[in-house]
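This is input-v2.txt. It holds compact mmCIF, C-alpha atoms and all ligand atoms.
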# COMPACT_ATOMS: atom_id res chain seq x y z
CA MET A 1 68.38 20.66 44.80
CA PRO A 2 66.43 21.17 41.57
CA VAL A 3 68.83 23.68 40.09
CA ASP A 4 71.72 21.30 40.57
CA ALA A 5 69.76 18.46 39.06
CA VAL A 6 69.00 20.48 35.93
CA ALA A 7 72.54 21.60 35.68
CA THR A 8 73.78 18.04 36.08
CA GLY A 9 71.36 16.76 33.46
CA ALA A 10 72.30 19.53 31.06
CA LEU A 11 75.95 18.76 31.54
CA SER A 12 75.50 15.04 31.01
CA ASP A 13 73.87 15.63 27.54
CA PRO A 14 74.80 19.12 26.43
CA VAL A 15 74.01 18.73 22.69
CA GLY A 16 70.44 17.32 23.01
CA THR A 17 69.43 19.82 25.66
CA VAL A 18 70.64 22.80 23.72
CA GLU A 19 68.72 21.65 20.61
CA ALA A 20 65.56 21.18 22.64
CA MET A 21 65.88 24.68 24.00
CA LEU A 22 66.15 26.28 20.56
CA PRO A 23 62.91 28.01 19.49
CA LEU A 24 61.00 26.25 16.67
CA PRO A 25 60.74 28.17 13.39
CA PRO A 26 57.66 30.45 13.65
CA GLU A 27 56.22 29.19 10.34
CA LEU A 28 56.20 25.63 11.70
CA VAL A 29 54.45 26.71 14.92
CA ALA A 30 51.85 28.64 12.93
CA GLY A 31 51.32 25.66 10.64
CA VAL A 32 50.79 23.28 13.53
CA VAL A 33 48.36 25.66 15.26
CA ILE A 34 46.33 26.22 12.09
CA GLY A 35 46.30 22.48 11.44
CA LEU A 36 45.00 21.82 14.96
CA VAL A 37 42.27 24.43 14.61
CA VAL A 38 41.15 22.96 11.27
CA LEU A 39 41.05 19.48 12.81
CA LEU A 40 38.99 20.70 15.75
CA VAL A 41 36.50 22.48 13.50
CA LEU A 42 36.20 19.38 11.30
CA ALA A 43 35.64 17.18 14.34
CA TYR A 44 32.99 19.60 15.62
CA VAL A 45 31.16 19.66 12.29
CA LEU A 46 31.30 15.86 12.04
CA ILE A 47 30.03 15.39 15.57
CA ARG A 48 27.23 17.91 15.00
CA ARG A 49 26.26 16.15 11.82
CA PHE A 50 26.45 12.74 13.44
CA ARG A 51 24.33 13.89 16.34
CA ARG A 52 21.73 15.56 14.15
CA GLY A 53 18.70 13.32 14.07
CA LYS A 54 16.77 12.42 10.96
CA GLU A 55 14.10 14.91 12.02
CA ASP A 56 16.61 17.81 11.91
CA ILE A 57 17.91 16.76 8.53
CA LEU A 58 14.36 16.40 7.19
CA LEU A 59 13.34 19.80 8.57
CA SER A 60 16.28 21.56 6.93
CA LYS A 61 15.52 19.86 3.59
CA LEU A 62 11.87 20.89 3.87
CA ALA A 63 12.94 24.46 4.65
CA SER A 64 15.04 24.57 1.48
CA TYR A 65 12.00 24.14 -0.82
CA ASP A 66 9.53 26.81 -1.90
CA GLU A 67 6.88 24.24 -2.67
CA LEU A 68 6.57 20.52 -2.05
CA ALA A 69 4.31 17.92 -3.66
CA ILE A 70 3.35 15.15 -1.24
CA LEU A 71 2.35 12.01 -3.06
CA MET A 72 0.25 9.17 -1.62
CA HIS A 73 -0.23 5.68 -3.04
CA PRO A 74 -3.29 4.77 -5.16
CA ASN A 75 -6.58 4.67 -3.21
CA PRO A 76 -4.99 6.20 -0.10
CA ASP A 77 -5.96 4.90 3.33
CA PRO A 78 -5.97 6.79 6.65
CA ASP A 79 -2.27 5.99 7.29
CA ALA A 80 -1.28 7.49 3.93
CA MET A 81 -3.53 10.54 4.42
CA GLY A 82 -2.45 11.03 8.05
CA SER A 83 1.22 10.79 7.07
CA ALA A 84 0.70 13.24 4.22
CA ILE A 85 -0.94 15.90 6.42
CA GLY A 86 1.76 15.32 9.06
CA LEU A 87 4.53 15.95 6.54
CA ALA A 88 2.62 18.94 5.15
CA ASN A 89 2.35 20.34 8.70
CA LEU A 90 6.15 19.98 9.13
CA ALA A 91 6.90 21.57 5.76
CA GLU A 92 4.53 24.48 6.37
CA SER A 93 6.15 25.15 9.73
CA GLN A 94 9.24 25.95 7.66
CA GLY A 95 7.36 28.27 5.31
CA THR A 96 7.18 25.68 2.51
CA GLU A 97 3.90 25.44 0.62
CA THR A 98 2.51 21.96 0.10
CA ARG A 99 0.02 20.16 -2.08
CA ILE A 100 -1.14 16.58 -1.44
CA TYR A 101 -1.79 14.28 -4.42
CA TYR A 102 -3.18 10.78 -4.95
CA PRO A 103 -3.89 8.49 -7.88
CA GLY A 104 -6.90 6.17 -7.88
CA GLN A 105 -9.92 6.87 -5.73
CA ILE A 106 -11.04 7.52 -2.18
CA ARG A 107 -14.16 5.36 -2.00
CA HIS A 108 -14.23 3.28 1.16
CA GLN A 109 -16.61 5.04 3.58
CA GLU A 110 -13.95 5.22 6.31
CA ASN A 111 -11.45 6.86 3.93
CA ARG A 112 -14.11 9.27 2.70
CA ALA A 113 -15.04 10.12 6.28
CA PHE A 114 -11.37 10.72 7.15
CA ARG A 115 -11.08 13.20 4.32
CA THR A 116 -14.39 14.95 5.04
CA VAL A 117 -14.15 15.11 8.84
CA LEU A 118 -10.59 16.50 8.76
CA ASP A 119 -11.53 18.75 5.83
CA LEU A 120 -8.51 17.76 3.74
CA GLU A 121 -7.62 19.23 0.40
CA LEU A 122 -6.34 16.32 -1.65
CA GLU A 123 -5.86 16.46 -5.38
CA ARG A 124 -6.47 13.48 -7.62
CA ILE A 125 -3.95 12.90 -10.44
CA GLU A 126 -4.10 10.92 -13.68
CA GLY A 127 -0.54 11.49 -14.79
CA VAL A 128 2.79 13.00 -13.81
CA ALA A 129 1.86 16.24 -15.62
CA ASP A 130 -0.75 16.93 -12.92
CA ILE A 131 2.00 17.38 -10.32
CA ARG A 132 3.02 21.01 -10.55
CA GLN A 133 5.83 21.16 -7.98
CA ARG A 134 9.45 20.34 -8.74
CA ASN A 135 10.16 18.70 -5.37
CA ILE A 136 8.29 15.53 -4.47
CA ALA A 137 7.92 13.54 -1.25
CA LEU A 138 6.42 10.04 -1.02
CA VAL A 139 4.66 8.84 2.12
CA ASP A 140 3.45 5.31 2.98
CA HIS A 141 5.00 3.87 -0.20
CA ASN A 142 8.51 4.03 -1.60
CA GLU A 143 8.03 3.78 -5.34
CA PRO A 144 5.54 5.94 -7.25
CA ARG A 145 2.80 3.93 -8.95
CA GLY A 146 -0.72 4.01 -10.30
CA PHE A 147 -0.56 6.94 -12.76
CA VAL A 148 0.85 7.73 -16.17
CA GLY A 149 4.58 8.49 -15.94
CA ALA A 150 4.95 7.26 -12.35
CA GLU A 151 8.15 5.36 -13.19
CA GLY A 152 9.81 8.57 -14.42
CA ILE A 153 9.52 10.26 -11.02
CA ASP A 154 12.63 10.67 -8.90
CA PRO A 155 11.34 11.66 -5.44
CA ASP A 156 13.41 13.92 -3.17
CA ILE A 157 12.00 12.47 0.04
CA VAL A 158 10.73 8.97 0.86
CA ILE A 159 9.14 8.09 4.22
CA ASP A 160 7.57 4.65 4.47
CA HIS A 161 7.07 1.46 6.47
CA HIS A 162 6.77 -1.03 3.59
CA PRO A 163 9.72 -3.11 2.43
CA GLY A 164 11.06 -1.99 -0.94
CA ASP A 165 13.97 -0.50 -2.81
CA GLY A 166 12.59 2.99 -3.41
CA THR A 167 14.73 5.85 -2.12
CA GLY A 168 14.60 9.63 -2.08
CA SER A 169 17.42 11.59 -3.66
CA VAL A 170 18.00 13.70 -0.52
CA PHE A 171 16.16 11.91 2.30
CA THR A 172 15.04 8.33 2.86
CA ASP A 173 13.50 6.90 6.03
CA VAL A 174 12.00 3.45 5.45
CA ARG A 175 11.29 1.33 8.53
CA PRO A 176 9.62 -1.95 7.53
CA SER A 177 9.29 -3.10 11.14
CA TYR A 178 6.86 -0.26 11.92
CA GLY A 179 3.11 -0.84 11.92
CA ALA A 180 2.31 2.56 10.42
CA CYS A 181 4.01 5.31 8.47
CA ALA A 182 2.22 7.81 10.72
CA SER A 183 4.33 6.55 13.67
CA ILE A 184 7.52 7.63 11.87
CA ILE A 185 6.11 11.10 11.14
CA THR A 186 4.91 11.39 14.75
CA GLU A 187 8.42 10.61 16.00
CA TYR A 188 9.75 13.59 14.05
CA PHE A 189 7.30 15.88 15.83
CA GLU A 190 8.18 14.41 19.20
CA LYS A 191 11.94 14.69 18.68
CA LEU A 192 11.58 18.24 17.38
CA GLY A 193 9.84 19.15 20.63
CA ALA A 194 6.60 20.09 18.89
CA ASP A 195 3.76 21.55 20.93
CA ARG A 196 0.49 19.68 20.74
CA LEU A 197 -2.26 22.22 20.32
CA GLY A 198 -5.41 20.42 21.33
CA THR A 199 -8.95 21.63 21.77
CA THR A 200 -8.04 23.57 24.91
CA ASP A 201 -5.98 26.02 22.87
CA ASN A 202 -7.84 29.12 21.94
CA VAL A 203 -6.41 29.05 18.45
CA ASN A 204 -8.48 27.57 15.67
CA LEU A 205 -6.27 24.90 14.16
CA THR A 206 -8.67 22.74 12.24
CA ASP A 207 -8.61 25.31 9.46
CA GLY A 208 -4.89 24.73 9.02
CA GLY A 209 -3.97 27.69 11.28
CA THR A 210 -0.83 27.74 13.42
CA VAL A 211 1.83 25.29 12.37
CA GLU A 212 4.84 26.88 14.02
CA HIS A 213 5.62 28.36 17.44
CA ASP A 214 8.97 29.90 18.45
CA GLY A 215 10.55 28.33 15.38
CA ARG A 216 9.46 24.83 16.34
CA PRO A 217 6.70 22.99 14.47
CA CYS A 218 3.34 22.73 16.23
CA LEU A 219 1.11 19.74 15.90
CA SER A 220 -2.31 21.06 14.91
CA GLU A 221 -5.38 19.30 16.21
CA SER A 222 -6.41 17.93 12.82
CA THR A 223 -2.88 16.67 12.15
CA ALA A 224 -2.66 14.94 15.53
CA THR A 225 -6.09 13.40 14.98
CA GLY A 226 -5.17 12.27 11.47
CA LEU A 227 -1.86 10.72 12.55
CA LEU A 228 -3.51 8.93 15.47
CA TYR A 229 -6.29 7.60 13.27
CA GLY A 230 -3.71 6.50 10.68
CA ILE A 231 -1.86 4.44 13.30
CA GLN A 232 -5.09 2.91 14.60
CA SER A 233 -6.31 2.03 11.15
CA ASP A 234 -3.07 0.39 9.94
CA THR A 235 -2.80 -1.72 13.09
CA LYS A 236 -6.44 -2.77 13.53
CA ARG A 237 -6.78 -0.47 16.56
CA LEU A 238 -3.32 -1.37 17.90
CA THR A 239 -3.94 -5.13 17.86
CA ASN A 240 -2.08 -6.23 14.76
CA GLY A 241 1.45 -5.68 13.40
CA CYS A 242 2.32 -3.19 16.16
CA THR A 243 5.66 -2.26 17.64
CA ASP A 244 6.47 -0.13 20.70
CA ALA A 245 6.66 2.76 18.26
CA GLU A 246 2.91 2.69 17.54
CA PHE A 247 2.04 2.83 21.24
CA ALA A 248 4.62 5.54 21.96
CA ALA A 249 3.43 7.63 19.01
CA SER A 250 -0.24 7.19 20.01
CA ALA A 251 0.54 8.27 23.57
CA PHE A 252 2.32 11.37 22.26
CA LEU A 253 -0.52 12.28 19.89
CA PHE A 254 -3.42 11.65 22.25
CA PRO A 255 -3.36 14.98 24.18
CA GLY A 256 -3.43 16.87 20.86
CA ALA A 257 -6.10 14.81 19.12
CA ASN A 258 -9.85 15.32 19.12
CA GLU A 259 -11.92 12.34 20.26
CA ASP A 260 -15.12 13.56 18.61
CA LEU A 261 -13.38 13.74 15.25
CA LEU A 262 -11.88 10.26 15.78
CA ASP A 263 -15.34 8.89 16.48
CA ARG A 264 -16.86 10.57 13.44
CA ILE A 265 -14.21 9.00 11.18
CA ALA A 266 -14.50 5.57 12.77
CA ASN A 267 -18.29 5.42 12.61
CA PRO A 268 -19.37 7.03 9.37
CA GLN A 269 -22.87 6.67 8.01
CA VAL A 270 -23.16 3.59 5.84
CA SER A 271 -25.34 3.51 2.73
CA SER A 272 -28.37 1.24 2.91
CA GLU A 273 -27.06 -0.58 -0.15
CA MET A 274 -23.87 -1.46 1.69
CA LEU A 275 -25.85 -2.95 4.55
CA GLU A 276 -28.22 -4.71 2.09
CA THR A 277 -25.27 -6.36 0.35
CA LYS A 278 -23.82 -7.49 3.69
CA ALA A 279 -27.22 -8.87 4.67
CA THR A 280 -27.52 -10.69 1.33
CA ALA A 281 -24.04 -12.16 1.77
CA ILE A 282 -25.02 -13.57 5.14
CA ARG A 283 -28.45 -14.81 3.95
CA ASN A 284 -27.14 -16.43 0.74
CA ARG A 285 -24.09 -18.07 2.25
CA VAL A 286 -23.43 -21.73 1.47
CA LEU A 287 -21.37 -23.51 4.07
CA ASN A 288 -18.97 -26.37 3.57
CA GLY A 289 -17.19 -27.22 6.81
CA PRO A 290 -15.33 -24.10 7.92
CA PHE A 291 -15.69 -22.49 4.47
CA ALA A 292 -18.43 -20.12 3.33
CA ILE A 293 -19.26 -18.86 -0.15
CA SER A 294 -21.90 -16.30 -0.97
CA ASP A 295 -23.27 -14.96 -4.25
CA VAL A 296 -24.79 -11.52 -3.65
CA GLY A 297 -26.13 -11.15 -7.20
CA ASP A 298 -26.13 -7.76 -8.94
CA VAL A 299 -24.75 -4.82 -6.98
CA ASP A 300 -24.50 -1.07 -7.66
CA ASP A 301 -21.37 -0.61 -5.57
CA VAL A 302 -18.66 -3.25 -6.06
CA ASP A 303 -16.89 -2.00 -2.91
CA ALA A 304 -19.69 -3.67 -0.96
CA ILE A 305 -18.33 -7.09 -2.01
CA PRO A 306 -14.99 -7.00 -0.12
CA GLN A 307 -16.74 -5.41 2.84
CA ALA A 308 -19.31 -8.20 2.86
CA ALA A 309 -16.40 -10.71 2.81
CA GLU A 310 -14.86 -8.91 5.82
CA GLU A 311 -18.17 -9.28 7.61
CA LEU A 312 -18.70 -12.94 6.72
CA ILE A 313 -15.22 -14.05 7.87
CA ARG A 314 -16.22 -12.92 11.37
CA LEU A 315 -18.87 -15.63 11.48
CA GLU A 316 -18.13 -18.10 14.26
CA GLY A 317 -16.63 -21.35 12.98
CA THR A 318 -15.75 -19.89 9.59
CA SER A 319 -12.09 -19.82 8.57
CA ALA A 320 -12.27 -18.80 4.90
CA VAL A 321 -14.90 -17.06 2.78
CA VAL A 322 -15.47 -15.90 -0.77
CA VAL A 323 -18.16 -13.39 -1.70
CA TYR A 324 -18.98 -12.61 -5.31
CA GLY A 325 -21.41 -10.36 -7.10
CA SER A 326 -21.78 -8.75 -10.48
CA LYS A 327 -21.95 -5.31 -11.98
CA ASP A 328 -22.20 -4.42 -15.69
CA GLY A 329 -21.75 -8.05 -16.72
CA VAL A 330 -18.56 -8.56 -14.70
CA VAL A 331 -18.36 -10.87 -11.69
CA HIS A 332 -16.23 -9.49 -8.86
CA LEU A 333 -14.84 -11.92 -6.28
CA SER A 334 -13.39 -11.18 -2.88
CA GLY A 335 -11.92 -13.78 -0.51
CA ARG A 336 -10.73 -13.69 3.09
CA SER A 337 -8.95 -16.40 5.03
CA ARG A 338 -7.69 -16.92 8.55
CA ASP A 339 -6.92 -20.55 7.75
CA ASP A 340 -3.20 -21.33 7.31
CA ARG A 341 -4.01 -24.36 5.17
CA LEU A 342 -5.15 -22.24 2.29
CA HIS A 343 -3.69 -19.29 0.41
CA MET A 344 -6.59 -17.12 -0.75
CA GLY A 345 -4.63 -15.36 -3.50
CA ARG A 346 -3.59 -18.68 -5.01
CA ILE A 347 -7.15 -20.01 -4.83
CA MET A 348 -8.33 -17.02 -6.85
CA GLU A 349 -5.53 -17.58 -9.36
CA ASP A 350 -6.22 -21.32 -9.67
CA VAL A 351 -9.96 -20.97 -10.10
CA LEU A 352 -9.80 -18.11 -12.61
CA ASP A 353 -6.69 -19.25 -14.45
CA ASP A 354 -8.45 -21.27 -17.14
CA VAL A 355 -11.23 -18.72 -17.81
CA ALA A 356 -10.52 -16.31 -20.66
CA MET A 357 -10.49 -12.58 -19.76
CA ALA A 358 -10.44 -13.42 -16.04
CA SER A 359 -7.88 -12.29 -13.50
CA GLY A 360 -7.35 -13.24 -9.89
CA GLY A 361 -4.71 -13.16 -7.19
CA GLY A 362 -3.74 -11.72 -3.85
CA HIS A 363 -2.11 -12.59 -0.55
CA ALA A 364 -2.50 -15.55 1.79
CA ARG A 365 -5.29 -13.94 3.81
CA MET A 366 -6.88 -11.74 1.17
CA GLY A 367 -7.58 -12.32 -2.49
CA GLY A 368 -9.78 -11.10 -5.29
CA GLY A 369 -10.62 -11.46 -8.94
CA GLN A 370 -12.81 -10.42 -11.82
CA VAL A 371 -14.35 -12.29 -14.71
CA PRO A 372 -16.87 -11.24 -17.38
CA LEU A 373 -20.07 -13.23 -16.90
CA GLU A 374 -20.21 -14.35 -20.54
CA TYR A 375 -16.74 -15.89 -20.31
CA LEU A 376 -17.63 -17.50 -17.01
CA ALA A 377 -20.62 -19.16 -18.72
CA GLY A 378 -18.38 -20.33 -21.55
CA ILE A 379 -18.68 -19.58 -25.26
CA GLY A 380 -19.95 -21.77 -28.08
CA PRO A 381 -21.67 -25.14 -27.70
CA SER A 382 -20.23 -25.70 -24.22
CA ALA A 383 -21.86 -22.53 -22.92
CA VAL A 384 -24.17 -22.83 -19.90
CA SER A 385 -26.74 -20.44 -18.49
CA GLU A 386 -25.41 -17.60 -16.38
CA ASP A 387 -27.19 -18.99 -13.31
CA ARG A 388 -25.52 -22.33 -13.86
CA ALA A 389 -22.15 -20.62 -14.38
CA ARG A 390 -22.49 -18.81 -11.05
CA ALA A 391 -23.32 -22.06 -9.28
CA ASP A 392 -20.40 -23.85 -11.00
CA LEU A 393 -18.10 -21.09 -9.80
CA ARG A 394 -19.09 -21.91 -6.22
CA GLY A 395 -18.27 -25.59 -6.80
CA LYS A 396 -14.84 -24.74 -8.20
CA LEU A 397 -14.11 -22.40 -5.30
CA PHE A 398 -15.06 -25.02 -2.70
CA ASN A 399 -12.85 -27.57 -4.48
CA ALA A 400 -9.92 -25.20 -4.48
CA MET A 401 -10.48 -24.29 -0.82
CA ARG A 402 -10.50 -27.96 0.14
CA GLY A 403 -7.24 -28.38 -1.74
CA ASN A 404 -8.66 -30.46 -4.63
CA THR A 405 -7.72 -28.51 -7.70
MN MN A 501 0.67 2.30 6.02
Please render this file's structure as C-alpha cells.
Ligand SMILES: [Mn+2]
Amino acid sequence: MPVDAVATGALSDPVGTVEAMLPLPPELVAGVVIGLVVLLVLAYVLIRRFRRGKEDILLSKLASYDELAILMHPNPDPDAMGSAIGLANLAESQGTETRIYYPGQIRHQENRAFRTVLDLELERIEGVADIRQRNIALVDHNEPRGFVGAEGIDPDIVIDHHPGDGTGSVFTDVRPSYGACASIITEYFEKLGADRLGTTDNVNLTDGGTVEHDGRPCLSESTATGLLYGIQSDTKRLTNGCTDAEFAASAFLFPGANEDLLDRIANPQVSSEMLETKATAIRNRVLNGPFAISDVGDVDDVDAIPQAAEELIRLEGTSAVVVYGSKDGVVHLSGRSRDDRLHMGRIMEDVLDDVAMASGGGHARMGGGQVPLEYLAGIGPSAVSEDRARADLRGKLFNAMRGNT
C-alpha cells in the first residue's frame, strides 16, 4: 500500500525526509523564480536576434536615419546604379530621405541610357564636402575612392560583391562570390516579402511613387528594372561570373520589371562617331597570327577606343587586340585578350614603361594606357616623326604580345 510505503521510507530516514519537507525560505524561492525569468527573457532576445536576417537588421538601421547618402564608385555602371536605387527604395520605405552620389563621370552610352530611361537623380561629387548627409552607405564597392577626402569617410553601411577590407560601422554585407551587388539588394526585398508592383498596377511608380505597403517595402517598377539590368550587365547577360543567386534574384525581379525599359537601356542610340571609330578600327587593323592592332588616328571621343577594342576582339580567330588613337596630343591605348598566354595589363606596362610621361597597366584580359605623342616620338636628336612613332608603337606591342620583350 502506498501509505505504508511512504511511512516505511520516512521511518527508515527520518532526518533527511523531514528536512526535505521543510519549506524553502521565501526570499530564495523568489530569487530563483526571478533568475529563471531573466534567463528566459535573455534567451528569447538572443534567439530573436540570431534569427533576425540581415535584411531586418538593415531595415531597422535605415529606419533610424533621417537622411542617408548613398555613394557609388567612380564612373558608376548599371550594377552600382541599380544597387543604389534599390537601397534608396528600401530606405524610403522606412521614411528615410536619400540622395545618390557618384564621383567621376557617366559617359558610356549604356550607363547614360540607364540613367535617362529610369529617370534617376544622381549627384556628381568632387569632394567629401559635396556630401551633405551625416550617414553614408556604400554600394558595389567597399572603400570610398575617386574624390577629394574619400579616405576620411567612415561609412555606416557597406553592401558589395568585390573582395576588400572595407566595412561599415553599423552594417556590412560583402559577398565576393556573387556576380552582382544588385543580387544582394534583391535578396533583401525578397526576404522582406516585398510586393513587386509591375506595369499592371494602377499606381504610377516610375516617378518614385509608392515604396511601402502595409509597412513592408514595395519594389517599384523602375527599381525592379534597374536591379535586373544591373545583374544582367555585371554578368554579361547571365553568362559570366554568375551564381545561383543571380538567377534567383532575376526570377524574383522579372514580374516587377518593365521589358520596354530594359530594351531601351540595352539598345541606346549610338553616335555616328562611335560607329565610325569602330569601323576605322576594323578597317585599319594589322594582323599578326591571332593578334590584331589598330590605330584609329585622331578621335573626338576617347571612350570610342575601348569600345572599338571590345568590337575587334570578337573577330573570328583573334585572341588579343590593342586599339589606339589620339586626342589633344595624347595617345590612348586599350587592349583586350582572351588568350591565357598573355597578360594584357603587363603588356601595356612593359611597352610604356620606358617612355617618359606614359602610364599603362590593367588586368589579364583588359589593359590600357596613355602617352603624350611628343614623348612617344622621342625628344632631341633621336626624335622620329609622329607617324613613325605610331608605327613603332605597333611593332613594340606585337613584340610584347608574342612574348619577346
Ligand atoms: Mn558590381
Inset, instruction - Within 7 Å of (-6.1, 16.4, 13.6) (coordinates as in the file), grab all the protein and nucleic acid residues, counting all atoms listed in the file, and write them out as a list in words. - result: Leu118, Thr206, Ser220, Glu221, Ser222, Thr223, Ala224, Thr225, Gly226, Ala257 and Asn258 of chain A
Inset, instruction - Write out as a PyMOL selection string the residues lying within 7 Å of region 158-160 of chain A, counting all atoms listed in the file and excluding same-chain residues fewer than 2 positions away. - result: chain A and resi 137-142+155-156+162+167-168+171-175+181
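Note that the spacing between CA of Gly289 (chain A) and CA of Ala364 (chain A) amounts to 19.4 Å.
Closest approach to Glu349 (chain A) among A:Val371, A:Leu90, A:Val148, A:Leu192: A:Val371, based on all atoms listed in the file.
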Enumerate, in order of chain and increasing residue number, the residues of chain A with an atom no farther than 9 Å from ligand MN 501 (chain A), each with its shortest atom pair and distance in Å to one decimal, counting only C-alpha atoms and all ligand atoms, as CSV.
residue,atom,partner,partner_atom,distance
A:Asp77,CA,A:MN501,MN,7.6
A:Pro78,CA,A:MN501,MN,8.0
A:Asp79,CA,A:MN501,MN,4.9
A:Ala80,CA,A:MN501,MN,5.9
A:Ser83,CA,A:MN501,MN,8.6
A:Val139,CA,A:MN501,MN,8.6
A:Asp140,CA,A:MN501,MN,5.1
A:His141,CA,A:MN501,MN,7.7
A:Asp160,CA,A:MN501,MN,7.5
A:His161,CA,A:MN501,MN,6.5
A:His162,CA,A:MN501,MN,7.4
A:Tyr178,CA,A:MN501,MN,8.9
A:Gly179,CA,A:MN501,MN,7.1
A:Ala180,CA,A:MN501,MN,4.7
A:Cys181,CA,A:MN501,MN,5.1
A:Ala182,CA,A:MN501,MN,7.4
A:Gly230,CA,A:MN501,MN,7.7
A:Ile231,CA,A:MN501,MN,8.0
A:Ser233,CA,A:MN501,MN,8.7
A:Asp234,CA,A:MN501,MN,5.7
A:Thr235,CA,A:MN501,MN,8.8
So that all listed atoms of region 223-229 of chain A fit with 6 Å spare on each side, what axis-aligned box centre and edge lengths in Å, to one decimal, would you give as JSON?
{"center_x": -4.1, "center_y": 12.1, "center_z": 13.5, "size_x": 16.4, "size_y": 21.1, "size_z": 16.1}
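Here CA of Asp350 (chain A) and CA of His332 (chain A) stand 15.5 Å from one another.
Nearest residue to Ile136 (chain A) among A:Lys191, A:Arg107, A:Arg99, A:Arg346 is A:Arg99, counting all atoms listed in the file.
Considering all atoms listed in the file, the residue among A:Gly166, A:Asp214, A:Pro176, A:His108 positioned nearest to Ile305 (chain A) is A:His108.
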Inset, instruction - Would you please work out which residue, of A:Ile131, A:Leu219, A:Leu262, A:Leu312, is nearest to Thr277 (chain A) when using only C-alpha atoms? - result: A:Leu312
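A cut-off of 8 Å from the point (-20.8, 0.7, -3.1), with only C-alpha atoms, picks out the residues Ser271, Glu273, Met274, Val299, Asp300, Asp301, Val302, Asp303 and Ala304 of chain A.
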Inset, instruction - To one decimal in Å, tell me the separation between CA of Pro103 (chain A) and CA of His73 (chain A). - result: 6.7 Å
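Of the listed residues (A:Met357, A:Ile265, A:Ile70, A:Ile153), A:Ile265 comes nearest to Val117 (chain A); the distances count all atoms listed in the file.
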Inset, instruction - Determine, counting all atoms listed in the file, which protein, DNA and RNA residues have an atom within 12 Å of an atom of Glu121 (chain A); residues of the same chain fewer than 6 positions away are not included. Present the result as a ChimeraX atom specification. - result: /A:70,81,84-85,88,98-102,114-115,207-208
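For Glu311 (chain A), the non-local neighbours within 12 Å, defined as residues at least 5 positions apart in the same chain or in other chains and counting all atoms listed in the file, are Met274, Leu275, Thr277, Lys278, Ala279, Thr280, Ala281, Ile282, Arg285, Ala292, Ser294, Ala304, Ile305, Pro306, Glu316, Thr318, Ala320, Val321, Val322, Val323, Ser334, Gly335, Arg336 and Ser337 of chain A.
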Legend entry - Using only C-alpha atoms: which of A:Asp66, A:Glu110, A:Glu123, A:Glu386 has the shortest distance to Glu97 (chain A): A:Asp66
